[in-house]
Every structure is written in C-alpha cells, then in structure tokens.
Amino acid sequence: WNDLVYKGQWQEALQELHATNNFPEFTGRICPAPCEASCVLNINQDPVTIEHLEKSIADKGWQEGWIKPQPPEKRTGKKVVVVGSGPAGLAAAQQLDRCGHLVTVLERDEYIGGILTLGIPDFKLSKDVVARRIDQMTQEGITFIASQHVGENYPTEKLLNEFDAICL
C-alpha cells in the first residue's frame with residue numbers, strides 16, 4: 001500500500017491496507033511506530049512514515065466514502081458472542097460478521113470500544129473516530145450491548161445456551 005499511495009492509487013491502497021488491518025484509522029493514530037526507527041532508510045534519509053500513511057489512507061477512505069458497511073451476502077445462521085469491545089474484540093467481531101455469522105458483542109463498561117474509548121485520550125484518538133467505525137459495524141449487522149459484565153449481571157450459562165461459539 002505504500003507503493004500504491006506513491007502512485008496515487010489511494011482506493012487500492014485502502015483495500016490492501018484493510019487486508020491486514022481492520023482499523024487503520026486507529027493504528028495510524030495510536031501506534032508508537034517502532035518500525036519507523038528501525039527502517040533501513042533511516043541510515044541516510046527519512047524513514048517510511050508507516051503510521052502517518054495508515055492514518056492518511058484511512059482518513060481519505062472515510063472522506064471519499066470508500067469505507068462503508070459490508071454486510072455479508074449470506075448468513076450462516078450461527079450465533080457468536082464476543083466478550084469485550086476493545087480493539088481485539090472489535091476486529092474479531094468484524095471478521096466473524098463478514099464470514100456470515102450473527103455476532104453480538106458484550107461490553108462490561110457503559111461505552112463500546114474498550115480501551116479505544118475509555119483509555120486513550122482524545123488528543124491521540126478522538127472518540128468520534130471510534131464511534132464512526134462502531135456505527136459502520138452496527139450497519140453491517142453486529143449487535144453491541146454495553147453494561148454487560150459476564151459472570152456478574154450477564155450469566156455465563158446464558159452465553160453457553162444462546163450462542164454457538166464464544167470469543168473471549
């Protein structure tokens with residue numbers, strides 16, 4: 001995707017980036033980018049600015065309307081619950097949904113997004129960036145339920161009885 005940006009092929013760069021990163025708008029804002037310090041170009045010129053490129057590609061994708069809901073063409077009928085709505089839970093939920101499963105995400109806190117929403121300050125990751133992605137995922141068919149602490153106010157037996165698979 002670096003080369004595609006260089007060639008001005010931003011939409012193709014977004015497709016390539018999304019092939020390995022569900023949320024480049026998050027990583028492009030919060031990753032400390034240790035790869036940049038170890039980039040071999042850093043020996044005698046500026047390193048490749050991976051973090052900035054990810055953010056720029058994702059931001060352009062949202063601006064141009066290239067990032068939009070992608071509900072699966074066919075549902076499997078299998079119900080999967082994902083416990084936790086942090087980065088890993090969101091990525092798992094999106095991948096499972098796009099495979100056609102009916103996905104429910106349970107979040108212990110009252111806000112969806114886990115550390116993205118509650119642990120990263122706005123100056124690094126604006127909450128509207130997280131909300132925009134959660135809205136897209138909701139439009140794809142994922143159900144988010146906040147204030148559900150599994151084992152406390154959400155019985156574990158309910159997970160076992162109502163879902164075909166559990167992702168912790």
# chains A, B, ... in the order shown; residues from 1 in each chain; ligands from 1
$ select_by_dssp --residues "chain A" --states "strand (DSSP E)" --output "list in words"
Lys79, Val80, Val81, Val82, Val83, Leu102, Val103, Thr104, Val105, Leu106, Thr143, Phe144, Ile145, Ala165, Ile166 and Cys167 of chain A
$ closest_atom_pairs --of "stretch 54-135 of chain A" --to "stretch 3-17 of chain A" --cutoff "7 Å" --atoms "only C-alpha atoms" --output "JSON lines"
{"residue": "A:Ile57", "atom": "CA", "partner": "A:Leu14", "partner_atom": "CA", "distance": 5.9}
{"residue": "A:Ala58", "atom": "CA", "partner": "A:Leu14", "partner_atom": "CA", "distance": 6.7}
{"residue": "A:Gly61", "atom": "CA", "partner": "A:Leu14", "partner_atom": "CA", "distance": 6.8}
$ closest_atom_pairs --of "stretch 16-89 of chain A" --to "stretch 139-163 of chain A" --cutoff "8 Å" --atoms "only C-alpha atoms" --output "Markdown table"
| residue | atom | partner | partner_atom | distance |
| --- | --- | --- | --- | --- |
| A:Pro69 | CA | A:Glu140 | CA | 5.3 |
| A:Gln70 | CA | A:Glu140 | CA | 5.7 |
| A:Pro71 | CA | A:Glu140 | CA | 4.3 |
| A:Pro72 | CA | A:Glu140 | CA | 7.6 |
| A:Lys78 | CA | A:Phe163 | CA | 7.7 |
| A:Lys79 | CA | A:Phe163 | CA | 5.0 |
| A:Val80 | CA | A:Phe163 | CA | 5.5 |
| A:Val81 | CA | A:Phe163 | CA | 6.4 |
| A:Val83 | CA | A:Val150 | CA | 7.8 |
$ residues_around --residues "A:Cys35" --least-positions-apart "3" --cutoff "12 Å" --atoms "only C-alpha atoms" --output "PyMOL selection string"
chain A and resi 31-32+38-42+47-51
$ select_by_dssp --residues "chain A" --states "alpha helix (DSSP H)" --output "PyMOL selection string"
chain A and resi 2-6+10-18+24-30+34-37+50-64+87-98+115-118+127-139+156-162
$ closest_residue --among "A:Ala92, A:Val130, A:Ile43, A:Leu53" --to "A:Tyr111" --atoms "only C-alpha atoms"
A:Val130
$ atom_distance --atom1 "atom CA of A:Phe123" --atom2 "atom CA of A:Lys60"
19.6 Å
$ atom_distance --atom1 "atom CA of A:Gly84" --atom2 "atom CA of A:Ile67"
23.6 Å
$ residues_around --residues "A:Ala93" --least-positions-apart "6" --cutoff "9 Å" --atoms "only C-alpha atoms" --output "JSON, numbers by chain"
{"A": [80, 81, 82, 85, 103, 104, 105, 137, 142, 167]}
$ decode --residues "stretch 81-97 of chain A" --atoms "N, CA, C and O atoms" --output "PDB file, in the first residue's frame"
ATOM      1  N   VAL A  81     -20.890 -14.889  20.170  1.00  0.00           N
ATOM      2  CA  VAL A  81     -20.781 -13.769  21.091  1.00  0.00           C
ATOM      3  C   VAL A  81     -19.304 -13.444  21.269  1.00  0.00           C
ATOM      4  O   VAL A  81     -18.467 -14.338  21.383  1.00  0.00           O
ATOM      5  N   VAL A  82     -18.990 -12.160  21.249  1.00  0.00           N
ATOM      6  CA  VAL A  82     -17.634 -11.676  21.503  1.00  0.00           C
ATOM      7  C   VAL A  82     -17.708 -10.921  22.822  1.00  0.00           C
ATOM      8  O   VAL A  82     -18.513  -9.985  22.973  1.00  0.00           O
ATOM      9  N   VAL A  83     -16.887 -11.327  23.777  1.00  0.00           N
ATOM     10  CA  VAL A  83     -16.872 -10.673  25.079  1.00  0.00           C
ATOM     11  C   VAL A  83     -15.753  -9.642  25.076  1.00  0.00           C
ATOM     12  O   VAL A  83     -14.581  -9.985  24.972  1.00  0.00           O
ATOM     13  N   GLY A  84     -16.141  -8.384  25.145  1.00  0.00           N
ATOM     14  CA  GLY A  84     -15.189  -7.281  25.136  1.00  0.00           C
ATOM     15  C   GLY A  84     -15.194  -6.545  23.814  1.00  0.00           C
ATOM     16  O   GLY A  84     -15.169  -7.163  22.751  1.00  0.00           O
ATOM     17  N   SER A  85     -15.255  -5.218  23.904  1.00  0.00           N
ATOM     18  CA  SER A  85     -15.329  -4.413  22.681  1.00  0.00           C
ATOM     19  C   SER A  85     -14.090  -3.550  22.475  1.00  0.00           C
ATOM     20  O   SER A  85     -14.154  -2.500  21.846  1.00  0.00           O
ATOM     21  N   GLY A  86     -12.959  -4.014  22.995  1.00  0.00           N
ATOM     22  CA  GLY A  86     -11.702  -3.329  22.711  1.00  0.00           C
ATOM     23  C   GLY A  86     -11.247  -3.650  21.298  1.00  0.00           C
ATOM     24  O   GLY A  86     -11.988  -4.248  20.507  1.00  0.00           O
ATOM     25  N   PRO A  87     -10.030  -3.278  20.947  1.00  0.00           N
ATOM     26  CA  PRO A  87      -9.546  -3.498  19.579  1.00  0.00           C
ATOM     27  C   PRO A  87      -9.630  -4.950  19.121  1.00  0.00           C
ATOM     28  O   PRO A  87     -10.065  -5.221  18.000  1.00  0.00           O
ATOM     29  N   ALA A  88      -9.240  -5.884  19.976  1.00  0.00           N
ATOM     30  CA  ALA A  88      -9.280  -7.299  19.583  1.00  0.00           C
ATOM     31  C   ALA A  88     -10.713  -7.782  19.415  1.00  0.00           C
ATOM     32  O   ALA A  88     -11.031  -8.487  18.452  1.00  0.00           O
ATOM     33  N   GLY A  89     -11.589  -7.397  20.334  1.00  0.00           N
ATOM     34  CA  GLY A  89     -12.993  -7.792  20.240  1.00  0.00           C
ATOM     35  C   GLY A  89     -13.658  -7.225  19.005  1.00  0.00           C
ATOM     36  O   GLY A  89     -14.417  -7.920  18.319  1.00  0.00           O
ATOM     37  N   LEU A  90     -13.374  -5.964  18.697  1.00  0.00           N
ATOM     38  CA  LEU A  90     -13.959  -5.340  17.505  1.00  0.00           C
ATOM     39  C   LEU A  90     -13.463  -6.020  16.227  1.00  0.00           C
ATOM     40  O   LEU A  90     -14.245  -6.280  15.313  1.00  0.00           O
ATOM     41  N   ALA A  91     -12.162  -6.313  16.165  1.00  0.00           N
ATOM     42  CA  ALA A  91     -11.614  -6.967  14.974  1.00  0.00           C
ATOM     43  C   ALA A  91     -12.203  -8.366  14.819  1.00  0.00           C
ATOM     44  O   ALA A  91     -12.596  -8.760  13.710  1.00  0.00           O
ATOM     45  N   ALA A  92     -12.291  -9.119  15.925  1.00  0.00           N
ATOM     46  CA  ALA A  92     -12.873 -10.459  15.858  1.00  0.00           C
ATOM     47  C   ALA A  92     -14.325 -10.383  15.406  1.00  0.00           C
ATOM     48  O   ALA A  92     -14.762 -11.162  14.558  1.00  0.00           O
ATOM     49  N   ALA A  93     -15.072  -9.444  15.970  1.00  0.00           N
ATOM     50  CA  ALA A  93     -16.487  -9.293  15.617  1.00  0.00           C
ATOM     51  C   ALA A  93     -16.647  -8.975  14.138  1.00  0.00           C
ATOM     52  O   ALA A  93     -17.501  -9.555  13.457  1.00  0.00           O
ATOM     53  N   GLN A  94     -15.832  -8.072  13.616  1.00  0.00           N
ATOM     54  CA  GLN A  94     -15.957  -7.707  12.205  1.00  0.00           C
ATOM     55  C   GLN A  94     -15.621  -8.890  11.299  1.00  0.00           C
ATOM     56  O   GLN A  94     -16.331  -9.157  10.323  1.00  0.00           O
ATOM     57  N   GLN A  95     -14.569  -9.619  11.613  1.00  0.00           N
ATOM     58  CA  GLN A  95     -14.183 -10.757  10.789  1.00  0.00           C
ATOM     59  C   GLN A  95     -15.255 -11.853  10.836  1.00  0.00           C
ATOM     60  O   GLN A  95     -15.609 -12.425   9.804  1.00  0.00           O
ATOM     61  N   LEU A  96     -15.763 -12.145  12.028  1.00  0.00           N
ATOM     62  CA  LEU A  96     -16.804 -13.172  12.167  1.00  0.00           C
ATOM     63  C   LEU A  96     -18.082 -12.766  11.445  1.00  0.00           C
ATOM     64  O   LEU A  96     -18.724 -13.586  10.785  1.00  0.00           O
ATOM     65  N   ASP A  97     -18.449 -11.496  11.547  1.00  0.00           N
ATOM     66  CA  ASP A  97     -19.645 -11.000  10.857  1.00  0.00           C
ATOM     67  C   ASP A  97     -19.487 -11.112   9.351  1.00  0.00           C
ATOM     68  O   ASP A  97     -20.404 -11.550   8.655  1.00  0.00           O
TER      69      ASP A  97
END
